[in-house]
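Engineer: This is run-v6.cif (mmCIF, C-alpha atoms and all ligand atoms; chains and numbers go by the auth columns).
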```
data_query
#
loop_
_atom_site.group_PDB
_atom_site.id
_atom_site.type_symbol
_atom_site.label_atom_id
_atom_site.label_comp_id
_atom_site.label_asym_id
_atom_site.label_seq_id
_atom_site.Cartn_x
_atom_site.Cartn_y
_atom_site.Cartn_z
_atom_site.B_iso_or_equiv
_atom_site.auth_seq_id
_atom_site.auth_asym_id
ATOM 1 C CA MET A 1 98.700 -64.384 114.781 0.00 1 A
ATOM 2 C CA ALA A 2 98.855 -67.447 116.942 0.00 2 A
ATOM 3 C CA GLY A 3 102.180 -68.457 115.415 0.00 3 A
ATOM 4 C CA SER A 4 103.965 -65.253 116.276 0.00 4 A
ATOM 5 C CA SER A 5 102.671 -65.076 119.825 0.00 5 A
ATOM 6 C CA ALA A 6 103.696 -68.687 120.293 0.00 6 A
ATOM 7 C CA SER A 7 107.210 -67.872 119.173 0.00 7 A
ATOM 8 C CA LEU A 8 107.292 -64.837 121.447 0.00 8 A
ATOM 9 C CA LEU A 9 106.250 -67.000 124.353 0.00 9 A
ATOM 10 C CA LEU A 10 108.854 -69.522 123.350 0.00 10 A
ATOM 11 C CA LEU A 11 111.564 -66.876 123.185 0.00 11 A
ATOM 12 C CA PHE A 12 110.531 -65.740 126.634 0.00 12 A
ATOM 13 C CA LEU A 13 110.607 -69.264 127.992 0.00 13 A
ATOM 14 C CA LEU A 14 113.979 -70.016 126.472 0.00 14 A
ATOM 15 C CA PHE A 15 115.711 -66.743 127.183 0.00 15 A
ATOM 16 C CA GLY A 16 113.604 -65.045 129.836 0.00 16 A
ATOM 17 C CA PHE A 17 115.094 -67.250 132.525 0.00 17 A
ATOM 18 C CA SER A 18 118.593 -66.348 131.457 0.00 18 A
ATOM 19 C CA ALA A 19 118.158 -62.553 131.486 0.00 19 A
ATOM 20 C CA ALA A 20 121.179 -60.819 132.990 0.00 20 A
ATOM 21 C CA LYS A 21 120.879 -60.235 136.700 0.00 21 A
ATOM 22 C CA GLU A 22 122.550 -57.894 139.138 0.00 22 A
ATOM 23 C CA LEU A 23 123.634 -59.829 142.189 0.00 23 A
ATOM 24 C CA LEU A 24 124.419 -57.938 145.354 0.00 24 A
ATOM 25 C CA VAL A 25 127.488 -59.632 146.787 0.00 25 A
ATOM 26 C CA GLY A 26 126.598 -61.348 150.042 0.00 26 A
ATOM 27 C CA GLY A 27 122.915 -60.606 149.448 0.00 27 A
ATOM 28 C CA LYS A 28 122.948 -57.428 151.548 0.00 28 A
ATOM 29 C CA THR A 29 124.515 -53.970 151.435 0.00 29 A
ATOM 30 C CA ASP A 30 127.098 -54.249 154.201 0.00 30 A
ATOM 31 C CA ALA A 31 128.357 -57.688 153.275 0.00 31 A
ATOM 32 C CA TRP A 32 131.801 -56.676 151.904 0.00 32 A
ATOM 33 C CA LYS A 33 133.678 -56.916 155.186 0.00 33 A
ATOM 34 C CA VAL A 34 135.678 -59.365 157.264 0.00 34 A
ATOM 35 C CA PRO A 35 133.232 -62.211 157.946 0.00 35 A
ATOM 36 C CA SER A 36 132.327 -62.811 161.575 0.00 36 A
ATOM 37 C CA SER A 37 132.433 -66.579 161.025 0.00 37 A
ATOM 38 C CA GLU A 38 132.982 -69.200 158.364 0.00 38 A
ATOM 39 C CA ALA A 39 129.206 -69.612 157.995 0.00 39 A
ATOM 40 C CA ASP A 40 128.920 -65.886 157.347 0.00 40 A
ATOM 41 C CA SER A 41 131.598 -65.860 154.646 0.00 41 A
ATOM 42 C CA LEU A 42 130.975 -64.591 151.153 0.00 42 A
ATOM 43 C CA ASN A 43 131.964 -67.915 149.658 0.00 43 A
ATOM 44 C CA GLN A 44 129.131 -69.547 151.586 0.00 44 A
ATOM 45 C CA TRP A 45 126.832 -67.088 149.850 0.00 45 A
ATOM 46 C CA ALA A 46 128.505 -67.713 146.488 0.00 46 A
ATOM 47 C CA GLU A 47 128.027 -71.462 146.795 0.00 47 A
ATOM 48 C CA LYS A 48 124.296 -70.975 147.184 0.00 48 A
ATOM 49 C CA SER A 49 124.013 -68.658 144.190 0.00 49 A
ATOM 50 C CA ARG A 50 124.021 -69.286 140.463 0.00 50 A
ATOM 51 C CA PHE A 51 126.115 -67.065 138.224 0.00 51 A
ATOM 52 C CA LYS A 52 125.687 -66.799 134.488 0.00 52 A
ATOM 53 C CA VAL A 53 127.691 -65.065 131.799 0.00 53 A
ATOM 54 C CA GLY A 54 126.325 -61.528 131.495 0.00 54 A
ATOM 55 C CA ASP A 55 125.314 -61.230 135.155 0.00 55 A
ATOM 56 C CA TYR A 56 126.724 -58.385 137.205 0.00 56 A
ATOM 57 C CA LEU A 57 128.186 -58.568 140.675 0.00 57 A
ATOM 58 C CA VAL A 58 127.470 -55.472 142.753 0.00 58 A
ATOM 59 C CA TRP A 59 129.400 -54.421 145.852 0.00 59 A
ATOM 60 C CA LYS A 60 128.245 -51.716 148.252 0.00 60 A
ATOM 61 C CA TYR A 61 130.834 -50.564 150.783 0.00 61 A
ATOM 62 C CA ASP A 62 132.560 -47.492 152.161 0.00 62 A
ATOM 63 C CA GLY A 63 134.950 -46.488 149.368 0.00 63 A
ATOM 64 C CA GLY A 64 137.074 -44.554 151.844 0.00 64 A
ATOM 65 C CA LYS A 65 137.879 -47.679 153.846 0.00 65 A
ATOM 66 C CA ASP A 66 137.750 -50.608 151.496 0.00 66 A
ATOM 67 C CA SER A 67 138.073 -51.671 147.876 0.00 67 A
ATOM 68 C CA VAL A 68 137.469 -54.623 145.615 0.00 68 A
ATOM 69 C CA LEU A 69 140.393 -56.169 143.790 0.00 69 A
ATOM 70 C CA GLN A 70 139.881 -58.619 140.986 0.00 70 A
ATOM 71 C CA VAL A 71 142.910 -60.905 141.079 0.00 71 A
ATOM 72 C CA ASN A 72 144.234 -64.119 139.607 0.00 72 A
ATOM 73 C CA LYS A 73 144.021 -67.466 141.352 0.00 73 A
ATOM 74 C CA GLU A 74 147.499 -67.264 142.864 0.00 74 A
ATOM 75 C CA ASP A 75 146.990 -63.798 144.330 0.00 75 A
ATOM 76 C CA TYR A 76 143.589 -64.892 145.623 0.00 76 A
ATOM 77 C CA GLY A 77 145.223 -67.779 147.427 0.00 77 A
ATOM 78 C CA SER A 78 148.052 -65.738 148.893 0.00 78 A
ATOM 79 C CA CYS A 79 146.029 -62.536 149.448 0.00 79 A
ATOM 80 C CA ASN A 80 148.524 -60.600 147.377 0.00 80 A
ATOM 81 C CA THR A 81 147.077 -57.127 146.737 0.00 81 A
ATOM 82 C CA SER A 82 150.040 -55.772 144.785 0.00 82 A
ATOM 83 C CA ASN A 83 149.053 -56.697 141.230 0.00 83 A
ATOM 84 C CA PRO A 84 145.287 -56.802 140.766 0.00 84 A
ATOM 85 C CA ILE A 85 143.728 -57.326 137.341 0.00 85 A
ATOM 86 C CA GLU A 86 141.282 -54.570 138.271 0.00 86 A
ATOM 87 C CA GLU A 87 140.917 -52.325 141.283 0.00 87 A
ATOM 88 C CA TYR A 88 137.610 -50.773 142.321 0.00 88 A
ATOM 89 C CA LYS A 89 137.235 -48.328 145.173 0.00 89 A
ATOM 90 C CA ASP A 90 134.205 -46.208 144.387 0.00 90 A
ATOM 91 C CA GLY A 91 132.010 -47.827 147.044 0.00 91 A
ATOM 92 C CA ASN A 92 129.475 -48.936 144.459 0.00 92 A
ATOM 93 C CA THR A 93 131.248 -51.441 142.287 0.00 93 A
ATOM 94 C CA LYS A 94 129.630 -53.288 139.448 0.00 94 A
ATOM 95 C CA VAL A 95 131.528 -56.015 137.616 0.00 95 A
ATOM 96 C CA LYS A 96 130.186 -57.867 134.610 0.00 96 A
ATOM 97 C CA LEU A 97 130.830 -61.605 134.608 0.00 97 A
ATOM 98 C CA ASP A 98 131.925 -61.756 131.000 0.00 98 A
ATOM 99 C CA ARG A 99 133.146 -65.343 130.750 0.00 99 A
ATOM 100 C CA PRO A 100 132.515 -68.743 132.302 0.00 100 A
ATOM 101 C CA GLY A 101 134.772 -70.134 134.995 0.00 101 A
ATOM 102 C CA PRO A 102 136.114 -68.775 138.265 0.00 102 A
ATOM 103 C CA HIS A 103 136.428 -65.059 139.060 0.00 103 A
ATOM 104 C CA TYR A 104 138.516 -64.116 142.088 0.00 104 A
ATOM 105 C CA PHE A 105 138.037 -61.045 144.280 0.00 105 A
ATOM 106 C CA ILE A 106 139.778 -59.924 147.449 0.00 106 A
ATOM 107 C CA SER A 107 139.547 -56.893 149.669 0.00 107 A
ATOM 108 C CA GLY A 108 142.159 -54.206 149.130 0.00 108 A
ATOM 109 C CA ALA A 109 142.015 -53.159 152.784 0.00 109 A
ATOM 110 C CA LYS A 110 145.144 -54.156 154.676 0.00 110 A
ATOM 111 C CA GLY A 111 144.828 -57.552 156.344 0.00 111 A
ATOM 112 C CA HIS A 112 141.190 -58.090 155.385 0.00 112 A
ATOM 113 C CA CYS A 113 141.731 -60.796 152.766 0.00 113 A
ATOM 114 C CA GLU A 114 143.782 -62.817 155.259 0.00 114 A
ATOM 115 C CA LYS A 115 140.805 -62.652 157.623 0.00 115 A
ATOM 116 C CA GLY A 116 138.497 -64.074 154.997 0.00 116 A
ATOM 117 C CA GLN A 117 137.204 -61.073 153.052 0.00 117 A
ATOM 118 C CA LYS A 118 137.521 -62.761 149.705 0.00 118 A
ATOM 119 C CA LEU A 119 135.216 -64.206 147.121 0.00 119 A
ATOM 120 C CA VAL A 120 135.390 -66.684 144.304 0.00 120 A
ATOM 121 C CA VAL A 121 132.473 -66.818 141.914 0.00 121 A
ATOM 122 C CA VAL A 122 132.224 -69.658 139.415 0.00 122 A
ATOM 123 C CA VAL A 123 130.251 -68.732 136.318 0.00 123 A
ATOM 124 C CA MET A 124 128.446 -71.581 134.596 0.00 124 A
ATOM 125 C CA THR A 125 129.431 -72.595 131.092 0.00 125 A
ATOM 126 C CA PRO A 126 126.606 -71.419 128.819 0.00 126 A
ATOM 127 C CA LYS A 127 127.002 -74.452 126.518 0.00 127 A
ATOM 128 C CA HIS A 128 125.472 -76.776 129.082 0.00 128 A
ATOM 129 C CA SER A 129 122.336 -74.802 129.811 0.00 129 A
ATOM 130 C CA ARG A 130 121.711 -74.112 126.131 0.00 130 A
ATOM 131 C CA ASP A 131 122.265 -77.710 125.052 0.00 131 A
ATOM 132 C CA ARG A 132 119.908 -78.928 127.667 0.00 132 A
ATOM 133 C CA ALA A 133 117.166 -76.456 126.796 0.00 133 A
ATOM 134 C CA ILE A 134 117.217 -76.942 123.033 0.00 134 A
ATOM 135 C CA SER A 135 118.370 -80.503 122.465 0.00 135 A
ATOM 136 C CA PRO A 136 117.595 -82.608 125.525 0.00 136 A
ATOM 137 C CA ALA A 137 118.127 -85.726 123.411 0.00 137 A
ATOM 138 C CA SER A 138 121.810 -84.985 122.914 0.00 138 A
ATOM 139 C CA SER A 139 124.109 -87.981 122.734 0.00 139 A
ATOM 140 C CA PRO A 140 125.541 -89.360 126.001 0.00 140 A
ATOM 141 C CA ALA A 141 128.979 -88.089 124.976 0.00 141 A
ATOM 142 C CA GLU A 142 127.707 -84.529 125.186 0.00 142 A
ATOM 143 C CA LEU A 143 126.314 -84.995 128.649 0.00 143 A
ATOM 144 C CA GLU A 144 129.675 -84.544 130.296 0.00 144 A
ATOM 145 C CA GLU A 145 128.191 -83.863 133.687 0.00 145 A
ATOM 146 C CA GLY A 146 127.196 -87.487 134.097 0.00 146 A
ATOM 147 C CA PRO A 147 124.955 -88.323 137.039 0.00 147 A
ATOM 148 C CA ALA A 148 124.059 -84.676 137.654 0.00 148 A
ATOM 149 C CA VAL A 149 122.182 -84.671 134.363 0.00 149 A
ATOM 150 C CA ALA A 150 120.434 -88.004 134.737 0.00 150 A
ATOM 151 C CA PRO A 151 116.842 -87.672 135.879 0.00 151 A
ATOM 152 C CA THR A 152 116.712 -88.590 139.528 0.00 152 A
ATOM 153 C CA SER A 153 113.115 -87.867 140.421 0.00 153 A
ATOM 154 C CA SER A 154 109.756 -87.699 138.756 0.00 154 A
ATOM 155 C CA ALA A 155 109.941 -83.910 138.965 0.00 155 A
ATOM 156 C CA THR A 156 113.121 -83.983 136.917 0.00 156 A
ATOM 157 C CA VAL A 157 111.519 -86.357 134.433 0.00 157 A
ATOM 158 C CA LEU A 158 108.547 -84.018 134.100 0.00 158 A
ATOM 159 C CA GLN A 159 110.892 -81.116 133.671 0.00 159 A
ATOM 160 C CA SER A 160 112.930 -82.792 130.951 0.00 160 A
ATOM 161 C CA GLY A 161 109.677 -83.720 129.218 0.00 161 A
ATOM 162 C CA PHE A 162 108.685 -80.077 129.265 0.00 162 A
ATOM 163 C CA VAL A 163 112.068 -79.006 127.941 0.00 163 A
ATOM 164 C CA ALA A 164 111.833 -81.666 125.221 0.00 164 A
ATOM 165 C CA VAL A 165 108.497 -80.250 124.089 0.00 165 A
ATOM 166 C CA LEU A 166 110.047 -76.771 124.044 0.00 166 A
ATOM 167 C CA GLY A 167 112.952 -78.074 122.009 0.00 167 A
ATOM 168 C CA VAL A 168 110.684 -79.644 119.407 0.00 168 A
ATOM 169 C CA LEU A 169 108.608 -76.461 119.335 0.00 169 A
ATOM 170 C CA ALA A 170 111.768 -74.420 118.868 0.00 170 A
ATOM 171 C CA MET A 171 112.785 -76.419 115.827 0.00 171 A
ATOM 172 C CA TYR A 172 109.296 -76.098 114.422 0.00 172 A
ATOM 173 C CA VAL A 173 108.993 -72.340 114.910 0.00 173 A
ATOM 174 C CA MET A 174 112.516 -71.271 114.027 0.00 174 A
HETATM 175 C C1 LIG B . 152.898 -60.348 145.218 0.00 201 A
HETATM 176 O O1 LIG B . 153.033 -60.529 143.831 0.00 201 A
HETATM 177 C C2 LIG B . 154.127 -59.842 143.286 0.00 201 A
HETATM 178 C C3 LIG B . 154.071 -60.013 141.775 0.00 201 A
HETATM 179 O O2 LIG B . 153.744 -61.329 141.399 0.00 201 A
HETATM 180 C C4 LIG B . 155.419 -60.354 143.882 0.00 201 A
HETATM 181 O O3 LIG B . 156.514 -59.666 143.354 0.00 201 A
HETATM 182 C C5 LIG B . 155.361 -60.161 145.399 0.00 201 A
HETATM 183 O O4 LIG B . 156.517 -60.718 145.991 0.00 201 A
HETATM 184 C C6 LIG B . 154.116 -60.806 145.974 0.00 201 A
HETATM 185 N N1 LIG B . 154.012 -60.470 147.376 0.00 201 A
HETATM 186 C C7 LIG B . 153.825 -61.366 148.313 0.00 201 A
HETATM 187 C C8 LIG B . 153.702 -60.848 149.709 0.00 201 A
HETATM 188 O O5 LIG B . 153.749 -62.554 148.060 0.00 201 A
#
```
Give the structure from this file in structure tokens form.
Ligand SMILES: *[C@@H]1O[C@H](CO)[C@@H](O)[C@H](O)[C@H]1NC(C)=O

Structural biologist:
Amino acid sequence: MAGSSASLLLLFLLFGFSAAKELLVGGKTDAWKVPSSEADSLNQWAEKSRFKVGDYLVWKYDGGKDSVLQVNKEDYGSCNTSNPIEEYKDGNTKVKLDRPGPHYFISGAKGHCEKGQKLVVVVMTPKHSRDRAISPASSPAELEEGPAVAPTSSATVLQSGFVAVLGVLAMYVM
């Protein structure tokens, strides 16, 4: 029936975009190493990427020479490898980003973190993306992000119009 295919399409539109992804750290297989320059650093890559709850980070490296340590903020800052939250050294590490906020990783190889082999990934808060998709007409108080949310171009206006239609459709179908 038309109704059920419409709701399938709607489900795809609403949730298809947010399907869990596997993100290769640095965007290439040999990226977990001491960066050759600031521009080459993993945090430069991280700043250009979007991370959502449920996504996986994947590291490929030589497990005999290096490791991935998940650490807290302090140990990230001081490159302290002595008390990681998790230690991975299998050469093919996959970590699920299971909560919003920052996740800190450093190399377990001696001296590498100090030379810049470290990564902080900030996972988006799911509340924001969901609110925006389903109830674009939320009250100003809910739009905590301020100017970032305000439509700034006609493309954005078009996009919010589209999302608004989806939202209305969602209420109708569900
Ligand atoms: C690393 O952290 C541990 C535990 O917090 C602490 O005892 C140690 O002194 C730290 N090492 C360095 C080099 O800061």

Engineer: Go through A:Ser78, A:Ser37, A:Thr93, A:Ser49 one by one, measure the shortest atom-to-atom distance of each to Gly63 (chain A) using all atoms listed in the file, and give the residue with the smallest value.

Structural biologist: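 Residue with the minimum atom-to-atom distance to Gly63 (chain A): A:Thr93.
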
Engineer: 12 Å from ligand LIG 201 (chain A) is the threshold here; counting all atoms listed in the file, which polymer residues fall inside it? Answer as a ChimeraX atom specification.

Structural biologist: /A:71-85,110-111,114

Engineer: Between CA of Glu38 (chain A) and CA of Lys115 (chain A), what is the distance in Å, rounded to a tenth?

Structural biologist: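 These atoms are spaced 10.2 Å apart.
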
Engineer: Could you list, as a list in words, every residue within 12 Å of Asp90 (chain A), counting only C-alpha atoms and ignoring same-chain residues fewer than 2 positions away?

Structural biologist: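 The residues that qualify are Val58, Trp59, Lys60, Tyr61, Asp62, Gly63, Gly64, Lys65, Asp66, Ser67, Val68, Leu69, Glu87, Tyr88, Asn92, Thr93 and Lys94 of chain A.
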
Engineer: Enumerate, as a PyMOL selection string, the protein, DNA and RNA residues whose atoms approach (135.2, -59.7, 152.0) to within 7 Å, taking into account all atoms listed in the file and the coordinate frame of the file.

Structural biologist: chain A and resi 32-35+42+106-107+113+116-119

Engineer: Which residue, A:Ala31, A:Asp55, A:Glu47, A:Ser36, has the smallest gap to Val121 (chain A) when you use only C-alpha atoms?

Structural biologist: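 Closest candidate: A:Glu47.
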
Engineer: Of the candidates A:Glu86, A:Asp40, A:Glu22, A:Asp30, which one gets nearest to Gly54 (chain A) if we count all atoms listed in the file?

Structural biologist: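 Of all the options, A:Glu22 lies closest to Gly54 (chain A).
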
Engineer: Hey, can you check how far CA of Phe51 (chain A) sits from CA of Met124 (chain A)?

Structural biologist: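 That distance, rounded to one decimal, is 6.2 Å.
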
Engineer: Please, what distance in Å, to one decimal, runs between CA of Gly27 (chain A) and CA of Trp45 (chain A)?

Structural biologist: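 Value for the CA of Gly27 (chain A)-CA of Trp45 (chain A) distance: 7.6 Å.
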
Engineer: From the list A:Val53, A:Ala46, A:Val25, A:Ala39, which residue is nearest Pro126 (chain A) when using all atoms listed in the file?

Structural biologist: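 Closest to Pro126 (chain A) of all the choices is A:Val53.
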
Engineer: Could you list, as a list of chain:residue names, every residue matched by the PyMOL selection byres (((chain A and resi 101) around 7) and not hetatm) in this structure?

Structural biologist: A:Arg99, A:Pro100, A:Pro102, A:His103, A:Val122, A:Val123, A:Met124
